[in-house]
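Shown here: entry39.cif, mmCIF, C-alpha atoms and all ligand atoms.
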```cif
data_model
#
loop_
_atom_site.label_atom_id
_atom_site.label_comp_id
_atom_site.auth_asym_id
_atom_site.auth_seq_id
_atom_site.Cartn_x
_atom_site.Cartn_y
_atom_site.Cartn_z
CA MET A 130 91.61 114.81 23.76
CA ILE A 131 92.71 111.71 21.88
CA ASP A 132 94.81 109.91 24.45
CA LEU A 133 97.22 107.37 22.95
CA ARG A 134 99.86 107.59 25.71
CA SER A 135 99.01 104.13 27.01
CA ASP A 136 96.27 101.53 27.25
CA THR A 137 96.27 102.28 30.99
CA VAL A 138 94.19 105.42 30.32
CA THR A 139 90.93 103.64 29.44
CA ARG A 140 87.84 104.52 31.48
CA PRO A 141 85.59 101.77 32.81
CA THR A 142 82.68 100.92 30.49
CA SER A 143 79.13 101.39 31.72
CA ALA A 144 78.85 97.59 32.13
CA MET A 145 81.89 97.75 34.42
CA ARG A 146 80.47 100.64 36.42
CA ARG A 147 77.17 98.79 36.91
CA ALA A 148 78.98 95.62 37.97
CA MET A 149 81.11 97.63 40.41
CA ALA A 150 78.04 99.28 41.93
CA GLU A 151 76.31 95.95 42.38
CA ALA A 152 79.32 93.83 43.40
CA GLU A 153 78.90 91.46 46.30
CA VAL A 154 81.79 92.22 48.66
CA GLY A 155 83.50 91.10 51.87
CA ASP A 156 86.86 91.57 53.57
CA ASP A 157 89.44 90.12 51.20
CA VAL A 158 92.19 90.03 53.83
CA TYR A 159 89.98 87.40 55.53
CA GLY A 160 89.53 85.78 52.09
CA GLU A 161 85.82 86.67 52.31
CA ASP A 162 85.23 88.80 49.24
CA PRO A 163 83.16 86.56 46.94
CA THR A 164 83.81 88.68 43.85
CA VAL A 165 87.59 88.70 44.39
CA ASN A 166 87.47 84.94 44.99
CA ARG A 167 85.56 84.47 41.74
CA LEU A 168 88.04 86.61 39.80
CA GLU A 169 91.01 84.71 41.26
CA ARG A 170 89.45 81.34 40.41
CA ARG A 171 88.64 82.43 36.84
CA ALA A 172 92.11 83.93 36.33
CA ALA A 173 93.74 80.68 37.49
CA GLU A 174 91.46 78.64 35.21
CA ILE A 175 92.11 80.81 32.18
CA MET A 176 95.88 80.72 32.80
CA GLY A 177 95.83 76.96 33.46
CA LYS A 178 97.58 77.48 36.80
CA GLU A 179 96.59 76.19 40.24
CA ALA A 180 95.94 79.58 41.79
CA ALA A 181 95.95 83.32 41.22
CA VAL A 182 95.97 86.40 43.43
CA LEU A 183 94.63 89.88 42.72
CA VAL A 184 97.21 92.63 43.20
CA PRO A 185 96.71 96.39 42.81
CA THR A 186 99.38 96.83 40.13
CA GLY A 187 101.58 95.01 37.67
CA THR A 188 104.60 96.30 39.53
CA MET A 189 103.43 94.60 42.71
CA GLY A 190 102.76 91.36 40.82
CA ASN A 191 106.27 91.32 39.34
CA THR A 192 107.79 92.28 42.69
CA ILE A 193 106.08 89.38 44.44
CA ALA A 194 107.15 86.98 41.68
CA VAL A 195 110.81 88.00 41.96
CA LYS A 196 110.64 87.55 45.73
CA LEU A 197 109.01 84.13 45.40
CA HIS A 198 111.67 82.69 43.15
CA THR A 199 114.89 84.25 44.44
CA GLY A 200 117.04 84.76 47.52
CA HIS A 201 119.00 87.86 48.49
CA GLY A 202 122.19 88.27 46.49
CA GLN A 203 120.96 86.47 43.39
CA GLU A 204 120.65 87.70 39.81
CA VAL A 205 117.55 88.08 37.70
CA ILE A 206 118.08 87.70 33.95
CA CYS A 207 115.86 90.01 31.93
CA GLU A 208 115.90 91.89 28.64
CA ALA A 209 117.65 95.28 28.70
CA ARG A 210 114.49 97.28 27.94
CA SER A 211 112.23 95.24 30.21
CA HIS A 212 109.75 96.92 32.50
CA VAL A 213 110.97 95.05 35.56
CA PHE A 214 114.46 96.45 35.05
CA ASN A 215 113.70 99.99 33.90
CA TYR A 216 110.38 101.13 35.31
CA GLU A 217 109.84 99.50 38.68
CA LEU A 218 112.06 101.67 40.87
CA ALA A 219 114.64 98.89 41.26
CA MET A 220 112.10 96.87 43.26
CA MET A 221 114.04 93.66 42.62
CA ALA A 222 116.91 95.22 44.56
CA TRP A 223 114.79 97.05 47.12
CA PHE A 224 112.46 94.24 48.11
CA SER A 225 114.28 91.07 47.06
CA GLY A 226 117.97 92.06 47.28
CA CYS A 227 118.59 90.95 43.69
CA LEU A 228 120.70 92.32 40.90
CA ALA A 229 119.39 92.52 37.36
CA ARG A 230 121.47 90.83 34.67
CA PRO A 231 120.06 92.58 31.59
CA ILE A 232 120.64 91.10 28.13
CA SER A 233 120.07 93.25 25.03
CA SER A 234 118.07 91.83 22.21
CA PRO A 235 117.30 94.08 19.21
CA ASP A 236 113.74 92.78 18.86
CA GLY A 237 113.18 92.47 22.62
CA ILE A 238 112.87 88.68 22.42
CA LEU A 239 115.46 86.72 24.40
CA GLN A 240 116.67 83.40 23.00
CA TRP A 241 117.70 80.48 25.18
CA ASP A 242 121.32 80.45 23.92
CA GLN A 243 121.72 84.13 24.92
CA ILE A 244 120.31 83.40 28.36
CA ARG A 245 122.29 80.20 28.81
CA ARG A 246 125.57 82.11 28.49
CA GLU A 247 124.57 84.42 31.35
CA ILE A 248 123.39 81.82 33.84
CA ARG A 249 125.80 81.70 36.74
CA PRO A 250 126.34 79.22 39.52
CA LEU A 251 127.47 80.46 42.91
CA GLY A 252 131.23 80.95 42.69
CA PRO A 253 134.07 82.87 44.28
CA HIS A 254 133.15 85.92 42.21
CA TRP A 255 129.60 85.41 41.07
CA ALA A 256 126.12 85.80 42.34
CA PRO A 257 124.00 82.87 41.20
CA THR A 258 121.08 83.26 38.81
CA GLY A 259 117.82 83.08 40.73
CA LEU A 260 115.27 83.79 38.02
CA ILE A 261 114.70 84.42 34.33
CA GLU A 262 112.11 87.04 33.53
CA ILE A 263 110.53 87.40 30.09
CA GLU A 264 108.14 90.14 29.00
CA ASP A 265 105.34 89.15 26.62
CA THR A 266 104.37 91.31 24.87
CA HIS A 267 107.52 93.39 25.19
CA ASN A 268 106.38 96.94 25.84
CA MET A 269 109.45 98.99 24.87
CA ALA A 270 110.25 96.66 21.98
CA GLY A 271 107.01 97.80 20.35
CA GLY A 272 104.67 95.13 21.71
CA ALA A 273 106.81 92.28 20.35
CA VAL A 274 105.42 88.78 20.84
CA TYR A 275 107.41 85.77 22.03
CA PRO A 276 107.10 82.80 19.66
CA LEU A 277 105.70 79.87 21.63
CA GLU A 278 108.70 77.72 20.78
CA VAL A 279 111.07 80.27 22.32
CA ILE A 280 109.11 80.35 25.59
CA ARG A 281 109.28 76.55 25.67
CA GLN A 282 113.03 76.47 24.96
CA ILE A 283 113.75 79.06 27.67
CA SER A 284 111.57 77.32 30.24
CA ASP A 285 112.85 73.81 29.49
CA GLY A 286 116.45 75.00 29.55
CA ALA A 287 115.96 76.95 32.77
CA HIS A 288 114.15 74.13 34.54
CA GLU A 289 116.87 71.65 33.65
CA LEU A 290 119.26 73.94 35.51
CA GLY A 291 116.86 74.40 38.42
CA VAL A 292 116.08 78.04 37.56
CA LYS A 293 112.51 79.40 37.57
CA VAL A 294 110.88 81.52 34.85
CA HIS A 295 108.49 84.40 35.49
CA MET A 296 106.54 86.01 32.67
CA ASP A 297 105.66 89.70 32.85
CA GLY A 298 102.55 89.15 30.80
CA ALA A 299 101.08 92.59 31.44
CA ARG A 300 99.77 92.32 27.86
CA VAL A 301 99.83 88.54 27.38
CA PHE A 302 96.26 88.63 26.00
CA ASN A 303 97.62 90.76 23.16
CA ALA A 304 100.23 88.08 22.52
CA ALA A 305 97.48 85.44 22.42
CA GLU A 306 95.44 87.53 19.99
CA ALA A 307 98.47 88.05 17.74
CA LEU A 308 99.37 84.34 17.71
CA GLY A 309 95.76 83.17 17.47
CA ILE A 310 96.19 80.79 20.42
CA SER A 311 95.01 80.71 24.05
CA VAL A 312 96.89 82.50 26.84
CA ARG A 313 96.92 79.16 28.65
CA GLU A 314 99.15 77.71 25.93
CA ILE A 315 101.51 80.69 26.08
CA VAL A 316 101.99 80.60 29.86
CA LYS A 317 102.03 76.81 30.26
CA PRO A 318 105.84 76.46 30.37
CA VAL A 319 106.48 79.34 32.84
CA ASP A 320 106.35 79.06 36.62
CA THR A 321 104.46 82.28 37.30
CA VAL A 322 102.75 84.86 35.14
CA MET A 323 101.62 88.36 35.99
CA PHE A 324 99.01 89.91 33.73
CA CYS A 325 97.23 93.24 33.93
CA LEU A 326 93.47 93.74 33.92
CA SER A 327 94.09 97.48 33.76
CA LYS A 328 96.02 97.68 30.48
CA ALA A 329 94.66 96.42 27.17
CA LEU A 330 91.76 94.65 28.91
CA GLY A 331 90.52 98.00 30.20
CA ALA A 332 89.74 97.50 33.90
CA PRO A 333 90.24 100.59 36.07
CA VAL A 334 92.61 98.84 38.53
CA GLY A 335 94.20 95.47 39.03
CA SER A 336 96.63 92.80 37.94
CA MET A 337 96.83 89.08 38.65
CA LEU A 338 99.70 86.81 39.59
CA ALA A 339 99.17 83.12 38.78
CA GLY A 340 101.24 80.04 39.60
CA THR A 341 101.22 76.98 41.86
CA GLY A 342 98.94 76.95 44.91
CA GLU A 343 101.99 77.03 47.16
CA ALA A 344 103.59 79.99 45.36
CA ILE A 345 100.38 82.01 45.39
CA ALA A 346 99.72 81.29 49.08
CA GLN A 347 103.20 82.64 49.85
CA GLY A 348 102.58 85.48 47.38
CA ARG A 349 99.59 86.60 49.46
CA LEU A 350 101.90 87.15 52.41
CA TYR A 351 104.26 89.26 50.31
CA ARG A 352 101.29 91.21 48.95
CA LYS A 353 100.29 92.03 52.54
CA ARG A 354 103.87 93.05 53.39
CA LEU A 355 103.84 95.41 50.41
CA GLY A 356 100.62 97.00 51.61
CA GLY A 357 98.49 95.32 48.96
CA GLY A 358 96.01 93.60 51.29
CA MET A 359 92.81 95.28 50.14
CA ARG A 360 89.48 94.94 51.91
CA GLN A 361 86.23 95.18 49.89
CA ALA A 362 88.20 94.83 46.68
CA GLY A 363 85.20 93.16 45.05
CA VAL A 364 84.27 96.54 43.60
CA LEU A 365 87.49 96.33 41.58
CA ALA A 366 87.26 92.60 40.92
CA ALA A 367 83.77 93.07 39.42
CA ALA A 368 85.23 95.30 36.71
CA GLY A 369 88.19 92.94 36.42
CA LEU A 370 85.89 89.99 35.69
CA ILE A 371 84.31 91.86 32.78
CA ALA A 372 87.78 92.79 31.50
CA LEU A 373 88.87 89.16 31.72
CA GLU A 374 85.78 87.56 30.20
CA GLU A 375 84.66 90.13 27.64
CA HIS A 376 87.56 92.27 26.57
CA PRO A 377 90.09 89.86 25.04
CA LYS A 378 87.84 89.84 21.98
CA LEU A 379 88.24 93.62 21.59
CA LEU A 380 91.99 93.38 21.12
CA ARG A 381 91.82 92.47 17.46
CA ARG A 382 90.47 95.95 16.72
CA ASP A 383 93.27 97.60 18.74
CA HIS A 384 95.82 95.61 16.74
CA GLU A 385 94.23 96.62 13.45
CA ASN A 386 94.31 100.26 14.54
CA ALA A 387 97.99 99.94 15.48
CA ARG A 388 98.83 98.44 12.09
CA PHE A 389 96.82 101.15 10.35
CA LEU A 390 98.78 103.83 12.23
CA ALA A 391 102.15 102.16 11.64
CA THR A 392 101.58 101.82 7.90
CA ALA A 393 100.47 105.44 7.59
CA LEU A 394 103.31 106.75 9.79
CA ALA A 395 105.83 105.05 7.48
CA ARG A 396 104.68 107.39 4.71
CA ILE A 397 105.28 110.62 6.68
CA PRO A 398 108.56 112.38 5.81
CA GLY A 399 110.80 112.68 8.86
CA ILE A 400 109.21 109.74 10.72
CA GLY A 401 111.15 106.51 11.04
CA ILE A 402 109.30 103.28 11.77
CA ASP A 403 109.60 99.56 11.15
CA ALA A 404 105.91 99.18 10.27
CA PRO A 405 105.87 95.44 9.49
CA ALA A 406 107.27 94.77 12.98
CA VAL A 407 104.07 96.06 14.61
CA GLN A 408 102.26 92.95 15.84
CA THR A 409 100.02 94.13 18.68
CA ASN A 410 98.77 97.44 20.15
CA ILE A 411 102.07 99.31 20.56
CA VAL A 412 103.62 101.49 17.85
CA ILE A 413 107.08 102.97 18.43
CA PHE A 414 108.37 105.52 15.94
CA ASP A 415 111.38 107.79 15.57
CA VAL A 416 110.83 111.54 15.14
CA SER A 417 114.45 112.65 14.89
CA GLY A 418 114.12 113.07 11.10
CA THR A 419 111.69 115.95 11.73
CA GLY A 420 114.33 117.87 13.71
CA LEU A 421 112.09 117.80 16.81
CA THR A 422 112.74 116.01 20.06
CA PRO A 423 109.98 113.69 21.30
CA SER A 424 109.06 116.19 24.02
CA GLU A 425 108.76 119.02 21.49
CA PHE A 426 106.72 116.78 19.21
CA SER A 427 104.54 115.75 22.12
CA ALA A 428 103.92 119.39 23.15
CA ARG A 429 102.86 120.33 19.59
CA LEU A 430 100.49 117.36 19.45
CA LYS A 431 99.00 118.35 22.78
CA GLN A 432 98.12 121.78 21.34
CA ARG A 433 96.14 119.80 18.75
CA ASP A 434 94.35 117.70 21.40
CA VAL A 435 96.42 114.55 20.87
CA LEU A 436 98.39 112.95 23.69
CA ILE A 437 101.39 110.79 22.74
CA ASN A 438 104.56 110.56 24.84
CA GLY A 439 108.23 110.17 24.06
CA ILE A 440 110.05 107.14 25.45
CA ASN A 441 113.65 108.24 24.91
CA ALA A 442 115.68 110.92 23.09
CA HIS A 443 114.38 109.91 19.62
CA GLN A 444 111.31 107.74 19.88
CA MET A 445 107.67 108.11 20.75
CA ARG A 446 105.12 105.46 21.64
CA ILE A 447 101.47 105.06 20.67
CA VAL A 448 99.36 102.47 22.47
CA THR A 449 95.97 101.72 20.96
CA HIS A 450 93.00 100.80 23.18
CA TYR A 451 89.21 100.60 23.17
CA ASP A 452 88.65 104.26 24.07
CA VAL A 453 90.12 105.46 20.74
CA ASP A 454 88.37 104.14 17.62
CA ARG A 455 89.53 104.21 14.00
CA ALA A 456 88.22 107.76 13.51
CA GLY A 457 90.23 108.89 16.56
CA CYS A 458 93.33 107.16 15.19
CA GLN A 459 92.80 108.86 11.83
CA GLN A 460 92.53 112.24 13.53
CA ALA A 461 95.68 111.60 15.59
CA LEU A 462 97.48 110.63 12.40
CA GLU A 463 96.48 113.88 10.70
CA MET A 464 97.85 115.85 13.66
CA ILE A 465 101.11 113.88 13.55
CA GLU A 466 101.34 114.67 9.82
CA GLN A 467 100.73 118.36 10.51
CA VAL A 468 103.38 118.56 13.24
CA ALA A 469 105.94 116.63 11.17
CA ALA A 470 105.29 118.67 8.02
CA GLY A 471 105.51 121.95 9.97
CA ALA A 472 108.79 120.92 11.56
CA VAL A 473 110.35 119.65 8.33
CA ALA A 474 109.30 122.85 6.48
CA GLY A 475 110.57 125.01 9.38
CA ALA A 476 113.96 123.26 9.26
CA ARG A 477 114.26 123.95 5.50
CA ALA A 478 113.32 127.64 5.77
N1 LIG B 1 103.49 99.97 31.80
C1 LIG B 1 103.14 101.36 31.69
C2 LIG B 1 104.31 102.26 32.06
O1 LIG B 1 104.82 101.95 33.30
C3 LIG B 1 105.42 102.24 31.06
C4 LIG B 1 102.68 101.66 30.29
O2 LIG B 1 102.11 102.74 30.10
O3 LIG B 1 102.86 100.81 29.42
N2 LIG B 1 104.90 95.33 32.98
C5 LIG B 1 104.73 95.93 31.79
C6 LIG B 1 105.17 95.23 30.56
C7 LIG B 1 104.14 97.20 31.74
O4 LIG B 1 103.99 97.77 30.55
C8 LIG B 1 103.73 97.82 32.92
C9 LIG B 1 103.15 99.22 32.92
C10 LIG B 1 103.91 97.14 34.13
C11 LIG B 1 104.52 95.89 34.13
C12 LIG B 1 103.54 97.74 35.47
O5 LIG B 1 102.18 97.84 35.66
P1 LIG B 1 101.60 98.90 36.74
O6 LIG B 1 101.65 100.23 36.07
O7 LIG B 1 100.21 98.39 36.95
O8 LIG B 1 102.45 98.82 37.94
#
```
Now, as a test, write the supplied structure out as structure tokens.
Amino acid sequence: MIDLRSDTVTRPTSAMRRAMAEAEVGDDVYGEDPTVNRLERRAAEIMGKEAAVLVPTGTMGNTIAVKLHTGHGQEVICEARSHVFNYELAMMAWFSGCLARPISSPDGILQWDQIRREIRPLGPHWAPTGLIEIEDTHNMAGGAVYPLEVIRQISDGAHELGVKVHMDGARVFNAAEALGISVREIVKPVDTVMFCLSKALGAPVGSMLAGTGEAIAQGRLYRKRLGGGMRQAGVLAAAGLIALEEHPKLLRRDHENARFLATALARIPGIGIDAPAVQTNIVIFDVSGTGLTPSEFSARLKQRDVLINGINAHQMRIVTHYDVDRAGCQQALEMIEQVAAGAVAGARA
């Protein structure tokens, strides 16, 4: 099977498995797991923040961040296709009592002037804005990357009004690779950043939340409330350290594979794609021109040992990662061509 459904599907490398087997561990709820402590220190250093905490999932990291920066009855400004709004089971409402204030942006990138118009003070009719959330890279906008200047404008504008900014940086290392700058520079203006070890970086489990020492100390309490206080989590942190130190350099290849796929998909009759917009490891394309729905297309690909999922009524998403090389991408492409050609010919007949 060539699995391009997500970069979450990667298996740990043999180096990761060895490190996991040999990890020095302790009880992390007592703060005594040396490998977790090392991972948290390194993550904070790399992000240029005072502290970081290991959480089991990106969803938990975002949930804790929303809770840290908001009070019940506040609004969280986010992009309309953001993960925090669409794919986290309304956790901002469930855990933090907040309402999302989604703003649509065609390319997924929010601009300060759009946000500014939606910031609300407490008033006779309004819930005040508690937090601005930005997603970099933006998953459902095809891995779109925030220009550094835009992150700065949003953060400066928000801070002037006393509003905090959280970055869902699940794939912020992909953004850094695309911009050719350090993640530290990207996340400098924001108050907290969540990034995933278990997506493009390839660890089996784990995400990190980084911010001020005070925020992260409080974040540990919310993590425990959410059931995320893990014990000998060093076995996970050991793989996470390899993901963090070694795997950012693998992302260039994933991006090249994504561009290769996007360019080739643009030539397939019935497939719609904005190929030049592909900047990182996510390729979103429209199959409606083939006459198939994404779930039909997906089922036909599965019969040909290729896994790619639909994301809505018209579009499908490919995510490249280190477990599928160029030859695998080429093979997936041939199967997509076959399915599209079969469907287009079937529609004509
Ligand atoms: N994304 C998953 C799915 O949930 C869609 C994927 O396959 O891409 N932020 C962003 C931007 C994400 O893409 C994801 C997961 C998360 C947060 C949540 O991370 P987890 O799955 O670890 O809770």
- Please identify the residues whose atoms come within 6 Å of ligand LIG 1 (chain B), using all atoms listed in the file, and report them as a PyMOL selection string. chain A and resi 135+137+186-188+212+216+268+297+299
Against range 322-339 of chain A, which residues of range 409-453 of chain A fall within 10 Å? For each one I want the closest pair of atoms and the distance in Å (one decimal), counting all atoms listed in the file, rows by chain and increasing residue number, as JSON lines.
```
{"residue": "A:Asn410", "atom": "CA", "partner": "A:Ala329", "partner_atom": "CA", "distance": 8.2}
{"residue": "A:Val448", "atom": "CA", "partner": "A:Ala329", "partner_atom": "CA", "distance": 9.0}
{"residue": "A:Thr449", "atom": "CA", "partner": "A:Ala329", "partner_atom": "CA", "distance": 8.3}
{"residue": "A:His450", "atom": "CA", "partner": "A:Ala329", "partner_atom": "CA", "distance": 6.2}
{"residue": "A:Tyr451", "atom": "CA", "partner": "A:Gly331", "partner_atom": "CA", "distance": 7.6}
{"residue": "A:Asp452", "atom": "CA", "partner": "A:Gly331", "partner_atom": "CA", "distance": 9.0}
```
- Please, what distance in Å, to one decimal, runs between CA of Ala209 in chain A and CA of Phe224 in chain A?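 Rounded to one decimal, the two atoms are 20.1 Å apart.
For the set A:Leu308, A:Ile248, A:Ile261, A:Met149, the residue with the smallest atom-to-atom gap to Ser211 in chain A is A:Ile261, counting all atoms listed in the file.
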- Task: Excluding range 371-377 of chain A and any residue of its chain fewer than 5 positions from it, enumerate the residues within 12 Å of it, using all atoms listed in the file, and give them as a PyMOL selection string.
- Result: chain A and resi 139-149+152+164+167-176+300-307+309-312+324-337+364-366+382-384+450-451
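Considering the residues A:Gly369, A:Gly342, A:Gly348, A:Pro231 and counting only C-alpha atoms, Ile206 in chain A has its shortest atom-to-atom contact with A:Pro231.
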- Query: For Glu153 in chain A, which of A:Val416, A:Leu379, A:Gln282, A:Ala367 is the closest residue, counting all atoms listed in the file?
  - Reply: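 For Glu153 in chain A, the nearest of the candidates is A:Ala367.
For the residues A:Ala469, A:Leu370, A:Ile400, A:Val292, ranking by smallest atom-to-atom distance to Val165 in chain A using only C-alpha atoms places A:Leu370 first.
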